[in-house]
$ cat data.csv   # CSV, C-alpha atoms
chain,number,residue,atom,x,y,z
A,292,MET,CA,88.9,66.5,89.4
A,293,LYS,CA,88.6,68.7,92.5
A,294,LEU,CA,91.6,69.9,94.4
A,295,LYS,CA,91.2,70.9,98.1
A,296,CYS,CA,93.4,73.7,99.5
A,297,HIS,CA,93.9,72.5,103.1
A,298,TYR,CA,97.1,74.5,103.8
A,299,LEU,CA,97.4,78.2,103.3
A,300,PRO,CA,100.3,80.7,103.9
A,301,GLN,CA,100.7,81.4,107.6
A,302,ASN,CA,102.5,84.2,109.4
A,303,ASP,CA,105.8,82.4,110.0
A,304,GLY,CA,107.4,85.0,112.1
A,305,ARG,CA,107.8,88.8,111.5
A,306,CYS,CA,109.6,89.2,108.2
A,307,GLY,CA,111.9,92.2,108.4
A,308,TRP,CA,111.8,93.0,104.7
A,309,TYR,CA,108.0,93.2,104.8
A,310,GLU,CA,107.6,94.8,108.2
A,311,THR,CA,110.0,97.7,107.4
A,312,LEU,CA,108.1,98.8,104.3
A,313,PRO,CA,105.3,101.4,104.5
A,314,ALA,CA,101.9,100.0,105.0
A,315,PRO,CA,100.4,98.9,101.6
A,316,LEU,CA,97.2,100.4,100.1
A,317,PRO,CA,94.0,98.4,100.9
A,318,ALA,CA,93.9,95.1,99.1
A,319,GLN,CA,91.5,94.4,96.3
A,320,THR,CA,89.8,91.2,97.3
A,321,LEU,CA,87.7,89.0,95.1
A,322,GLN,CA,83.9,89.5,95.4
A,323,GLY,CA,81.5,87.4,93.3
A,324,GLU,CA,82.3,85.6,90.0
A,325,VAL,CA,85.1,86.6,87.7
A,326,THR,CA,85.9,85.1,84.3
A,327,ALA,CA,89.3,85.4,82.5
A,328,ASP,CA,91.4,83.8,79.8
A,329,TRP,CA,94.1,82.9,82.3
A,330,VAL,CA,94.3,82.5,86.1
A,331,VAL,CA,97.6,82.5,87.9
A,332,LEU,CA,97.5,81.1,91.5
A,333,GLY,CA,100.2,82.7,93.7
A,334,ALA,CA,101.6,86.2,93.4
A,335,GLY,CA,105.2,85.5,94.3
A,336,LEU,CA,108.1,85.9,91.9
A,337,ALA,CA,106.9,83.0,89.6
A,338,GLY,CA,103.3,84.2,89.6
A,339,LEU,CA,104.2,87.8,88.9
A,340,ALA,CA,106.6,86.7,86.1
A,341,ALA,CA,103.9,84.5,84.6
A,342,ALA,CA,101.2,87.1,84.7
A,343,ARG,CA,103.4,89.8,83.3
A,344,ARG,CA,104.7,87.7,80.4
A,345,LEU,CA,101.3,86.4,79.5
A,346,ALA,CA,100.0,89.9,79.4
A,347,GLU,CA,102.9,91.1,77.2
A,348,LEU,CA,102.6,88.1,74.8
A,349,GLN,CA,98.8,88.1,74.7
A,350,PRO,CA,97.8,91.8,75.2
A,351,HIS,CA,94.2,91.1,74.4
A,352,ALA,CA,93.9,88.3,76.9
A,353,SER,CA,92.4,88.8,80.4
A,354,ILE,CA,94.5,87.5,83.2
A,355,VAL,CA,93.7,87.1,86.9
A,356,LEU,CA,96.4,86.8,89.5
A,357,VAL,CA,95.3,85.7,92.9
A,358,ASP,CA,97.1,85.3,96.3
A,359,ALA,CA,96.0,84.3,99.7
A,360,ARG,CA,98.0,87.1,101.4
A,361,ARG,CA,99.5,90.4,100.4
A,362,VAL,CA,102.2,90.6,97.8
A,363,GLY,CA,105.6,90.4,99.4
A,364,PHE,CA,104.3,88.6,102.5
A,365,GLY,CA,105.2,85.2,101.3
A,366,ALA,CA,108.4,83.4,100.2
A,367,ALA,CA,109.2,86.0,97.5
A,368,GLY,CA,109.6,88.6,100.2
A,369,ARG,CA,111.4,86.4,102.7
A,370,ASN,CA,114.6,85.5,100.8
A,371,SER,CA,118.0,87.2,101.1
A,372,GLY,CA,117.5,89.5,98.2
A,373,PHE,CA,120.2,88.2,95.9
A,374,ILE,CA,119.4,88.3,92.1
A,375,ILE,CA,122.1,86.0,90.8
A,376,ASP,CA,123.7,85.2,87.5
A,377,LEU,CA,126.0,82.5,89.0
A,378,PRO,CA,124.8,79.9,91.6
A,379,HIS,CA,125.2,80.2,95.3
A,380,ASP,CA,126.2,76.6,96.0
A,381,LEU,CA,129.8,76.3,94.7
A,382,ASN,CA,129.5,72.5,94.8
A,383,SER,CA,126.3,72.3,92.8
A,384,HIS,CA,128.0,72.5,89.4
A,385,SER,CA,131.5,71.8,88.1
A,386,TYR,CA,131.6,74.6,85.5
A,387,THR,CA,133.9,72.4,83.5
A,388,SER,CA,131.9,69.4,82.4
A,389,ASP,CA,129.7,71.2,79.8
A,390,LYS,CA,130.8,74.7,79.0
A,391,SER,CA,128.1,75.3,76.4
A,392,LYS,CA,125.4,74.4,78.9
A,393,ASP,CA,127.0,76.5,81.6
A,394,ARG,CA,127.2,79.5,79.3
A,395,ASN,CA,123.6,79.1,78.3
A,396,VAL,CA,122.4,79.0,81.9
A,397,ILE,CA,124.4,82.1,82.8
A,398,GLN,CA,123.1,83.9,79.7
A,399,LEU,CA,119.6,83.0,80.6
A,400,ASN,CA,120.1,84.3,84.2
A,401,ARG,CA,121.6,87.6,82.9
A,402,GLY,CA,118.7,88.0,80.4
A,403,ALA,CA,116.3,87.8,83.4
A,404,ILE,CA,118.4,90.3,85.3
A,405,GLU,CA,118.3,92.7,82.3
A,406,TYR,CA,114.5,92.2,82.1
A,407,LEU,CA,114.2,93.0,85.8
A,408,ARG,CA,116.5,96.0,85.5
A,409,HIS,CA,114.3,97.4,82.7
A,410,LEU,CA,111.2,97.0,84.8
A,411,VAL,CA,112.8,98.6,87.9
A,412,THR,CA,114.2,101.5,85.9
A,413,THR,CA,111.1,102.1,83.7
A,414,HIS,CA,108.7,102.0,86.7
A,415,ALA,CA,111.0,103.6,89.2
A,416,ILE,CA,110.5,100.7,91.6
A,417,GLN,CA,112.1,101.6,95.0
A,418,CYS,CA,113.7,98.4,96.1
A,419,ASP,CA,117.3,99.4,97.0
A,420,TRP,CA,118.6,97.9,93.7
A,421,ARG,CA,122.4,97.6,94.0
A,422,GLU,CA,124.6,96.2,91.2
A,423,GLN,CA,127.5,95.4,93.4
A,424,GLY,CA,127.9,91.7,93.0
A,425,LYS,CA,128.1,89.0,95.7
A,426,ILE,CA,130.9,87.7,97.9
A,427,HIS,CA,131.5,84.0,98.6
A,428,GLY,CA,133.2,83.8,102.1
A,429,ALA,CA,135.2,80.9,103.5
A,430,VAL,CA,135.9,80.3,107.2
A,431,GLU,CA,137.4,76.8,107.1
A,432,PRO,CA,139.9,74.9,104.8
A,433,HIS,CA,137.2,73.0,102.9
A,434,GLY,CA,135.5,76.4,102.2
A,435,ILE,CA,138.8,77.7,100.8
A,436,TYR,CA,139.1,74.7,98.6
A,437,ALA,CA,135.5,75.2,97.3
A,438,LEU,CA,136.5,78.8,96.4
A,439,GLU,CA,139.5,77.6,94.5
A,440,MET,CA,137.5,75.1,92.5
A,441,PHE,CA,134.9,77.8,91.8
A,442,ALA,CA,137.6,80.2,90.6
A,443,LYS,CA,139.0,77.5,88.4
A,444,GLY,CA,135.7,76.9,86.8
A,445,LEU,CA,135.0,80.6,86.3
A,446,SER,CA,138.4,81.0,84.6
A,447,ALA,CA,137.6,78.2,82.2
A,448,LEU,CA,134.5,80.1,81.2
A,449,ASN,CA,136.3,83.5,81.0
A,450,GLU,CA,134.0,84.8,83.7
A,451,PRO,CA,135.3,87.8,85.8
A,452,TYR,CA,135.9,87.4,89.5
A,453,ARG,CA,138.2,88.8,92.2
A,454,GLU,CA,139.9,86.7,94.9
A,455,LEU,CA,139.9,88.2,98.3
A,456,GLY,CA,142.4,87.5,101.1
A,457,SER,CA,141.6,87.8,104.8
A,458,SER,CA,142.6,91.5,104.9
A,459,ALA,CA,140.5,92.3,101.9
A,460,MET,CA,137.5,90.5,103.4
A,461,LYS,CA,137.9,92.5,106.6
A,462,ALA,CA,138.1,95.7,104.7
A,463,ILE,CA,134.7,94.9,103.1
A,464,THR,CA,132.9,93.3,106.0
A,465,GLY,CA,134.6,94.9,109.0
A,466,THR,CA,135.2,91.5,110.6
A,467,ASP,CA,138.3,89.2,110.6
A,468,PHE,CA,136.0,86.1,110.8
A,469,TYR,CA,136.6,85.2,107.1
A,470,LEU,CA,139.8,83.6,105.9
A,471,ALA,CA,139.2,84.1,102.2
A,472,GLY,CA,136.6,85.2,99.7
A,473,LEU,CA,135.7,85.5,96.1
A,474,HIS,CA,133.8,88.4,94.6
A,475,ALA,CA,131.5,87.7,91.6
A,476,PRO,CA,130.4,91.0,90.0
A,477,GLY,CA,127.2,90.0,88.2
A,478,ALA,CA,124.7,89.7,91.1
A,479,VAL,CA,122.3,92.4,92.1
A,480,LEU,CA,121.2,93.0,95.7
A,481,VAL,CA,117.6,94.2,96.5
A,482,GLN,CA,115.1,94.6,99.2
A,483,PRO,CA,113.0,91.5,98.1
A,484,ALA,CA,109.6,92.5,99.6
A,485,ALA,CA,109.9,96.0,98.1
A,486,LEU,CA,110.8,94.5,94.7
A,487,VAL,CA,107.8,92.2,94.4
A,488,ARG,CA,105.5,94.8,95.7
A,489,GLY,CA,106.8,97.2,93.1
A,490,LEU,CA,106.4,94.5,90.4
A,491,ALA,CA,102.8,93.9,91.4
A,492,ALA,CA,102.0,97.6,91.4
A,493,THR,CA,103.2,98.0,87.8
A,494,LEU,CA,101.5,94.9,86.2
A,495,PRO,CA,100.1,95.4,82.7
A,496,GLU,CA,96.5,96.7,82.4
A,497,ASN,CA,95.1,93.3,81.3
A,498,VAL,CA,96.1,91.7,84.6
A,499,ARG,CA,93.8,91.9,87.6
A,500,LEU,CA,95.4,91.2,91.0
A,501,PHE,CA,93.3,90.0,93.9
A,502,GLU,CA,95.1,89.8,97.3
A,503,ASP,CA,94.0,88.5,100.7
A,504,THR,CA,91.9,86.0,98.6
A,505,PRO,CA,92.6,82.5,99.7
A,506,VAL,CA,91.5,79.8,97.2
A,507,ARG,CA,89.7,77.0,99.0
A,508,SER,CA,89.2,74.5,96.2
A,509,ILE,CA,90.0,74.1,92.5
A,510,GLY,CA,87.8,72.3,90.0
A,511,ILE,CA,90.0,71.1,87.1
A,512,GLY,CA,87.9,71.2,83.9
A,513,LYS,CA,86.8,73.3,81.0
A,514,PRO,CA,86.9,75.9,82.5
A,515,HIS,CA,88.9,75.6,85.7
A,516,ILE,CA,87.0,76.9,88.7
A,517,LEU,CA,88.8,78.4,91.7
A,518,VAL,CA,86.5,78.8,94.6
A,519,THR,CA,87.3,81.5,97.2
A,520,GLU,CA,85.6,82.6,100.4
A,521,ARG,CA,83.5,85.2,98.7
A,522,GLY,CA,83.5,84.2,95.0
A,523,GLN,CA,85.0,82.2,92.3
A,524,ILE,CA,87.3,82.5,89.2
A,525,LYS,CA,86.6,80.7,85.9
A,526,ALA,CA,89.3,80.4,83.3
A,527,PRO,CA,90.2,77.8,80.6
A,528,ARG,CA,93.9,78.0,81.4
A,529,MET,CA,95.6,78.0,84.7
A,530,VAL,CA,99.1,78.4,86.1
A,531,LEU,CA,99.9,77.0,89.5
A,532,ALA,CA,102.6,79.2,91.0
A,533,ASN,CA,101.9,78.5,94.7
A,534,ASN,CA,105.3,77.2,95.7
A,535,ALA,CA,105.4,74.2,98.0
A,536,TYR,CA,101.7,74.6,98.7
A,537,ALA,CA,101.1,72.6,95.5
A,538,ALA,CA,102.3,69.5,97.4
A,539,GLN,CA,98.8,69.2,98.8
A,540,PHE,CA,97.4,68.4,95.4
A,541,GLY,CA,98.0,64.7,95.5
A,542,GLN,CA,95.8,64.1,92.5
A,543,LEU,CA,98.4,65.9,90.3
A,544,GLY,CA,101.2,63.7,91.5
A,545,PHE,CA,102.9,66.4,93.7
A,546,ARG,CA,102.6,64.8,97.1
A,547,SER,CA,105.9,63.5,98.4
A,548,ARG,CA,107.6,65.2,95.4
A,549,LEU,CA,107.5,68.8,96.6
A,550,LEU,CA,109.3,68.8,99.9
A,551,PRO,CA,108.5,71.8,102.0
A,552,VAL,CA,111.8,73.1,103.3
A,553,TYR,CA,112.0,76.2,105.5
A,554,THR,CA,114.9,78.6,105.6
A,555,TYR,CA,115.2,81.4,108.2
A,556,GLY,CA,116.3,85.0,108.4
A,557,SER,CA,116.8,87.6,111.1
A,558,LEU,CA,117.2,91.4,110.7
A,559,THR,CA,118.8,93.6,113.3
A,560,ARG,CA,117.8,97.1,114.3
A,561,PRO,CA,119.7,99.9,112.4
A,562,LEU,CA,123.3,100.3,113.7
A,563,SER,CA,124.0,103.6,115.6
A,564,PRO,CA,126.7,105.9,114.2
A,565,VAL,CA,129.1,104.7,117.0
A,566,GLU,CA,128.4,101.0,116.1
A,567,LYS,CA,129.0,101.7,112.4
A,568,THR,CA,132.4,103.1,113.3
A,569,GLU,CA,133.2,100.2,115.6
A,570,LEU,CA,132.3,97.8,112.8
A,571,GLY,CA,134.0,99.6,109.9
A,572,GLY,CA,134.0,98.0,106.5
A,573,GLU,CA,131.7,99.0,103.6
A,574,ASP,CA,128.1,100.3,104.1
A,575,SER,CA,126.5,97.6,101.9
A,576,TRP,CA,127.5,94.1,100.9
A,577,GLY,CA,126.1,90.6,100.5
A,578,LEU,CA,128.0,87.4,101.4
A,579,ILE,CA,127.2,83.8,100.6
A,580,PRO,CA,129.0,81.0,102.5
A,581,ALA,CA,131.4,78.8,100.6
A,582,ASP,CA,129.9,76.0,102.6
A,583,PRO,CA,126.3,75.7,101.4
A,584,MET,CA,125.2,74.9,105.0
A,585,GLY,CA,126.8,78.1,106.3
A,586,THR,CA,125.5,81.6,107.0
A,587,THR,CA,124.4,84.2,104.5
A,588,VAL,CA,125.0,87.8,105.7
A,589,ARG,CA,123.9,91.1,104.3
A,590,ARG,CA,124.7,94.5,105.5
A,591,MET,CA,122.1,97.0,104.3
A,592,GLY,CA,122.5,100.6,103.3
A,593,ASP,CA,120.2,101.6,106.2
A,594,GLY,CA,122.5,100.1,108.7
A,595,ARG,CA,120.8,96.8,109.4
A,596,ILE,CA,122.4,93.4,109.2
A,597,CYS,CA,120.6,90.3,108.0
A,598,ILE,CA,121.7,86.8,109.1
A,599,ARG,CA,120.2,83.8,107.3
A,600,ASN,CA,120.9,80.1,108.1
A,601,SER,CA,119.1,77.0,109.4
A,602,PHE,CA,116.9,74.6,107.5
A,603,THR,CA,113.9,72.5,108.6
A,604,PHE,CA,111.4,70.2,107.0
A,605,ASP,CA,107.9,71.2,107.9
A,606,PRO,CA,105.2,69.1,106.1
A,607,LYS,CA,102.4,71.1,107.7
A,608,LEU,CA,103.7,74.2,106.0
A,609,HIS,CA,103.9,76.2,109.3
A,610,VAL,CA,106.6,76.7,111.9
A,611,SER,CA,105.9,77.1,115.7
A,612,GLU,CA,106.9,80.0,117.9
A,613,GLY,CA,109.2,77.6,119.7
A,614,ARG,CA,111.0,76.9,116.5
A,615,LEU,CA,111.4,80.6,115.7
A,616,LYS,CA,112.9,81.2,119.1
A,617,GLU,CA,115.4,78.4,118.6
A,618,VAL,CA,116.3,79.9,115.2
A,619,ARG,CA,116.6,83.4,116.6
A,620,ALA,CA,119.0,82.1,119.2
A,621,ALA,CA,121.1,80.4,116.6
A,622,HIS,CA,121.2,83.6,114.5
A,623,GLN,CA,122.3,85.6,117.5
A,624,ARG,CA,125.2,83.2,118.1
A,625,SER,CA,126.1,83.4,114.4
A,626,PHE,CA,126.0,87.2,114.6
A,627,ALA,CA,128.1,87.3,117.8
A,628,ARG,CA,130.8,85.1,116.2
A,629,ARG,CA,131.1,87.4,113.2
A,630,PHE,CA,130.6,90.7,114.9
A,631,PRO,CA,132.0,90.6,118.4
A,632,MET,CA,132.5,94.3,118.3
A,633,LEU,CA,128.7,94.8,118.3
A,634,PRO,CA,127.6,93.1,121.6
A,635,GLY,CA,124.5,95.2,122.1
A,636,VAL,CA,122.9,94.6,118.7
A,637,ASP,CA,119.8,92.5,118.8
A,638,PHE,CA,117.4,91.3,116.1
A,639,GLU,CA,114.1,93.1,115.6
A,640,TYR,CA,112.7,90.5,113.2
A,641,THR,CA,113.0,86.7,112.8
A,642,TRP,CA,111.0,84.8,110.2
A,643,GLY,CA,110.8,81.6,108.2
A,644,GLY,CA,110.3,81.2,104.4
A,645,ILE,CA,109.2,78.1,102.6
A,646,VAL,CA,110.7,76.7,99.3
A,647,PRO,CA,110.2,73.3,97.6
A,648,ASP,CA,113.2,71.1,97.5
A,649,PRO,CA,114.6,71.7,93.9
A,650,GLN,CA,116.4,68.4,93.8
A,651,ARG,CA,113.1,66.6,93.0
A,652,ARG,CA,112.2,68.7,90.0
A,653,ASN,CA,113.1,66.0,87.4
A,654,ALA,CA,110.7,63.6,89.2
A,655,PHE,CA,107.9,66.0,88.5
A,656,ARG,CA,108.4,65.7,84.8
A,657,ARG,CA,108.5,61.9,85.0
A,658,ASN,CA,105.4,61.5,87.1
A,659,ARG,CA,103.1,64.3,86.1
A,660,PRO,CA,99.6,63.3,84.9
A,661,ARG,CA,99.2,63.1,81.1
A,662,ARG,CA,96.7,65.9,81.0
A,663,LEU,CA,99.1,68.4,82.7
A,664,GLN,CA,101.8,70.2,80.8
A,665,CYS,CA,104.8,71.1,83.0
A,666,ARG,CA,106.4,74.5,82.5
A,667,LEU,CA,109.5,75.3,84.6
A,668,SER,CA,110.3,79.0,85.1
A,669,GLU,CA,113.3,80.3,87.0
A,670,TRP,CA,113.7,83.9,88.1
A,671,PRO,CA,117.2,84.3,89.6
A,672,GLY,CA,116.8,85.2,93.3
A,673,SER,CA,118.0,83.9,96.6
A,674,GLY,CA,119.2,80.6,95.1
A,675,ALA,CA,115.7,79.0,95.4
A,676,ARG,CA,113.9,77.8,92.3
A,677,HIS,CA,110.4,79.0,91.4
A,678,TYR,CA,108.1,76.6,89.5
A,679,LEU,CA,105.2,77.1,87.3
A,680,TRP,CA,102.8,74.3,86.5
A,681,LYS,CA,100.5,75.0,83.5
A,682,ALA,CA,97.2,73.1,83.6
A,683,ASP,CA,95.7,73.2,80.0
A,684,CYS,CA,93.2,70.4,80.2
$ encode --input "data.csv" --output "structure tokens"
Amino acid sequence: MKLKCHYLPQNDGRCGWYETLPAPLPAQTLQGEVTADWVVLGAGLAGLAAARRLAELQPHASIVLVDARRVGFGAAGRNSGFIIDLPHDLNSHSYTSDKSKDRNVIQLNRGAIEYLRHLVTTHAIQCDWREQGKIHGAVEPHGIYALEMFAKGLSALNEPYRELGSSAMKAITGTDFYLAGLHAPGAVLVQPAALVRGLAATLPENVRLFEDTPVRSIGIGKPHILVTERGQIKAPRMVLANNAYAAQFGQLGFRSRLLPVYTYGSLTRPLSPVEKTELGGEDSWGLIPADPMGTTVRRMGDGRICIRNSFTFDPKLHVSEGRLKEVRAAHQRSFARRFPMLPGVDFEYTWGGIVPDPQRRNAFRRNRPRRLQCRLSEWPGSGARHYLWKADC
């Protein structure tokens, strides 16, 4: 079986998280033929996690991690930077139907946060790691109702939270836009591109990372052969961690089952001292809308503000400049409604990031080819799920 890679990651706007980092060191690209015990395709959160854990569990195994672009350029560096123990979508789970399952999921997420905390601390990864929790904000009655139901479920699980009235929300955010809120203390806020770049720079010694190395085709066999522009990788075991780009592998049953959905973010310039005074509120916070179709907002310690909303379905895995302009205008309107005291603040960066629709994940299990074993791995992040597909043929 031969898989063709027709779609590769594109520059879908200028990602503020990535662009505001220092320039990376020159990439190590693949030249010639490399053999390994494992090959992991995709160096996002899922690929980095897979490569690291494989290296830790099999210290004598050789592992190759390969990505078409630089680490942090793709979806892992384009989210909102929330590492969550509880979900963003308040309506996605009742928190009362199966308390044992709920607690297991929360425990799993917190175990992943502890693992990340250990890595960030041990390797001194500079990613603006802030253990300050997240805020769910409501602007309409149905959002307030969602907060009430969320609080009820958390109480049933004996989970801590703090309810916030409109004055408390203004004291934190500086704006009177929000009618109510709920603070959940377990989430961590990070600079996502800095986090994944730091994780890549501190991989175990038995992991070799090749960046700017697009894979053009994959021969499924014994071994698997990944052909690049200037070489190839041979390995008997393979992990596909290439996000929605796996949808192009129709032979594996992924086509029409991984739906490429784009979400969008914009990042302002740093606020001036005068603008910070006009805004007021706390210097750093992260807010998730009670309405899942609402707007995520982050205020960064460096004075920037991130606005994130809008969703589009883009089967060609690329968004146009026209689409980005439309999104930027929508973000500017969202910003103006929340921060009318900052009329002169514009966005320096606007970008799109792709995620596969997680609602289809059970279909993957039902329809996968017999020779493929499915492994699902979730690293709590911006609310999106990251999938690993293990080919052990």
$ residues_around --input "data.csv" --residues "A:His474" --least-positions-apart "4" --cutoff "7 Å" --atoms "all atoms listed in the file" --output "count of residues only"
7
$ atom_distance --input "data.csv" --atom1 "atom CA of A:Gly465" --atom2 "atom CA of A:Ala620"
22.6 Å
$ residues_around --input "data.csv" --residues "stretch 514-528 of chain A" --least-positions-apart "4" --cutoff "7 Å" --atoms "only C-alpha atoms" --output "MDAnalysis selection string"
chainID A and resid 321:330 504:510 682:683
$ closest_residue --input "data.csv" --among "A:Ile511, A:Leu480, A:Met584, A:Ala535" --to "A:Asn370" --atoms "all atoms listed in the file"
A:Leu480
$ residues_around --input "data.csv" --residues "A:Arg624" --least-positions-apart "5" --cutoff "12 Å" --atoms "only C-alpha atoms" --output "ChimeraX atom specification"
/A:557,586,598-600,617-619,629-631,634,636-638
$ atom_distance --input "data.csv" --atom1 "atom CA of A:Asp574" --atom2 "atom CA of A:Arg628"
19.6 Å
$ closest_residue --input "data.csv" --among "A:Ile416, A:Leu294, A:Leu490, A:Ala314" --to "A:Ala341" --atoms "only C-alpha atoms"
A:Leu490
$ atom_distance --input "data.csv" --atom1 "atom CA of A:Gly456" --atom2 "atom CA of A:Ile397"
26.2 Å
$ closest_residue --input "data.csv" --among "A:Gly585, A:His622, A:Pro561, A:Leu473" --to "A:Lys443" --atoms "all atoms listed in the file"
A:Leu473
$ closest_residue --input "data.csv" --among "A:Ala627, A:Ile579, A:Leu633, A:Ser353" --to "A:Ser563" --atoms "only C-alpha atoms"
A:Leu633
$ residues_around --input "data.csv" --residues "A:Ala403" --least-positions-apart "2" --cutoff "10 Å" --atoms "all atoms listed in the file" --output "ChimeraX atom specification"
/A:374-376,397-401,405-409,669-671
$ residues_near_point --input "data.csv" --point "(108.9, 81.6, 106.7)" --cutoff "12 Å" --atoms "all atoms listed in the file" --output "PyMOL selection string"
chain A and resi 300-309+363-370+535+551-557+599+601-605+608-612+614-615+618+640-646
$ closest_residue --input "data.csv" --among "A:Glu439, A:Gly472, A:Gly594, A:Glu347" --to "A:Arg560" --atoms "only C-alpha atoms"
A:Gly594
$ closest_residue --input "data.csv" --among "A:Leu550, A:Leu543, A:Val481, A:Ala537" --to "A:Arg589" --atoms "all atoms listed in the file"
A:Val481
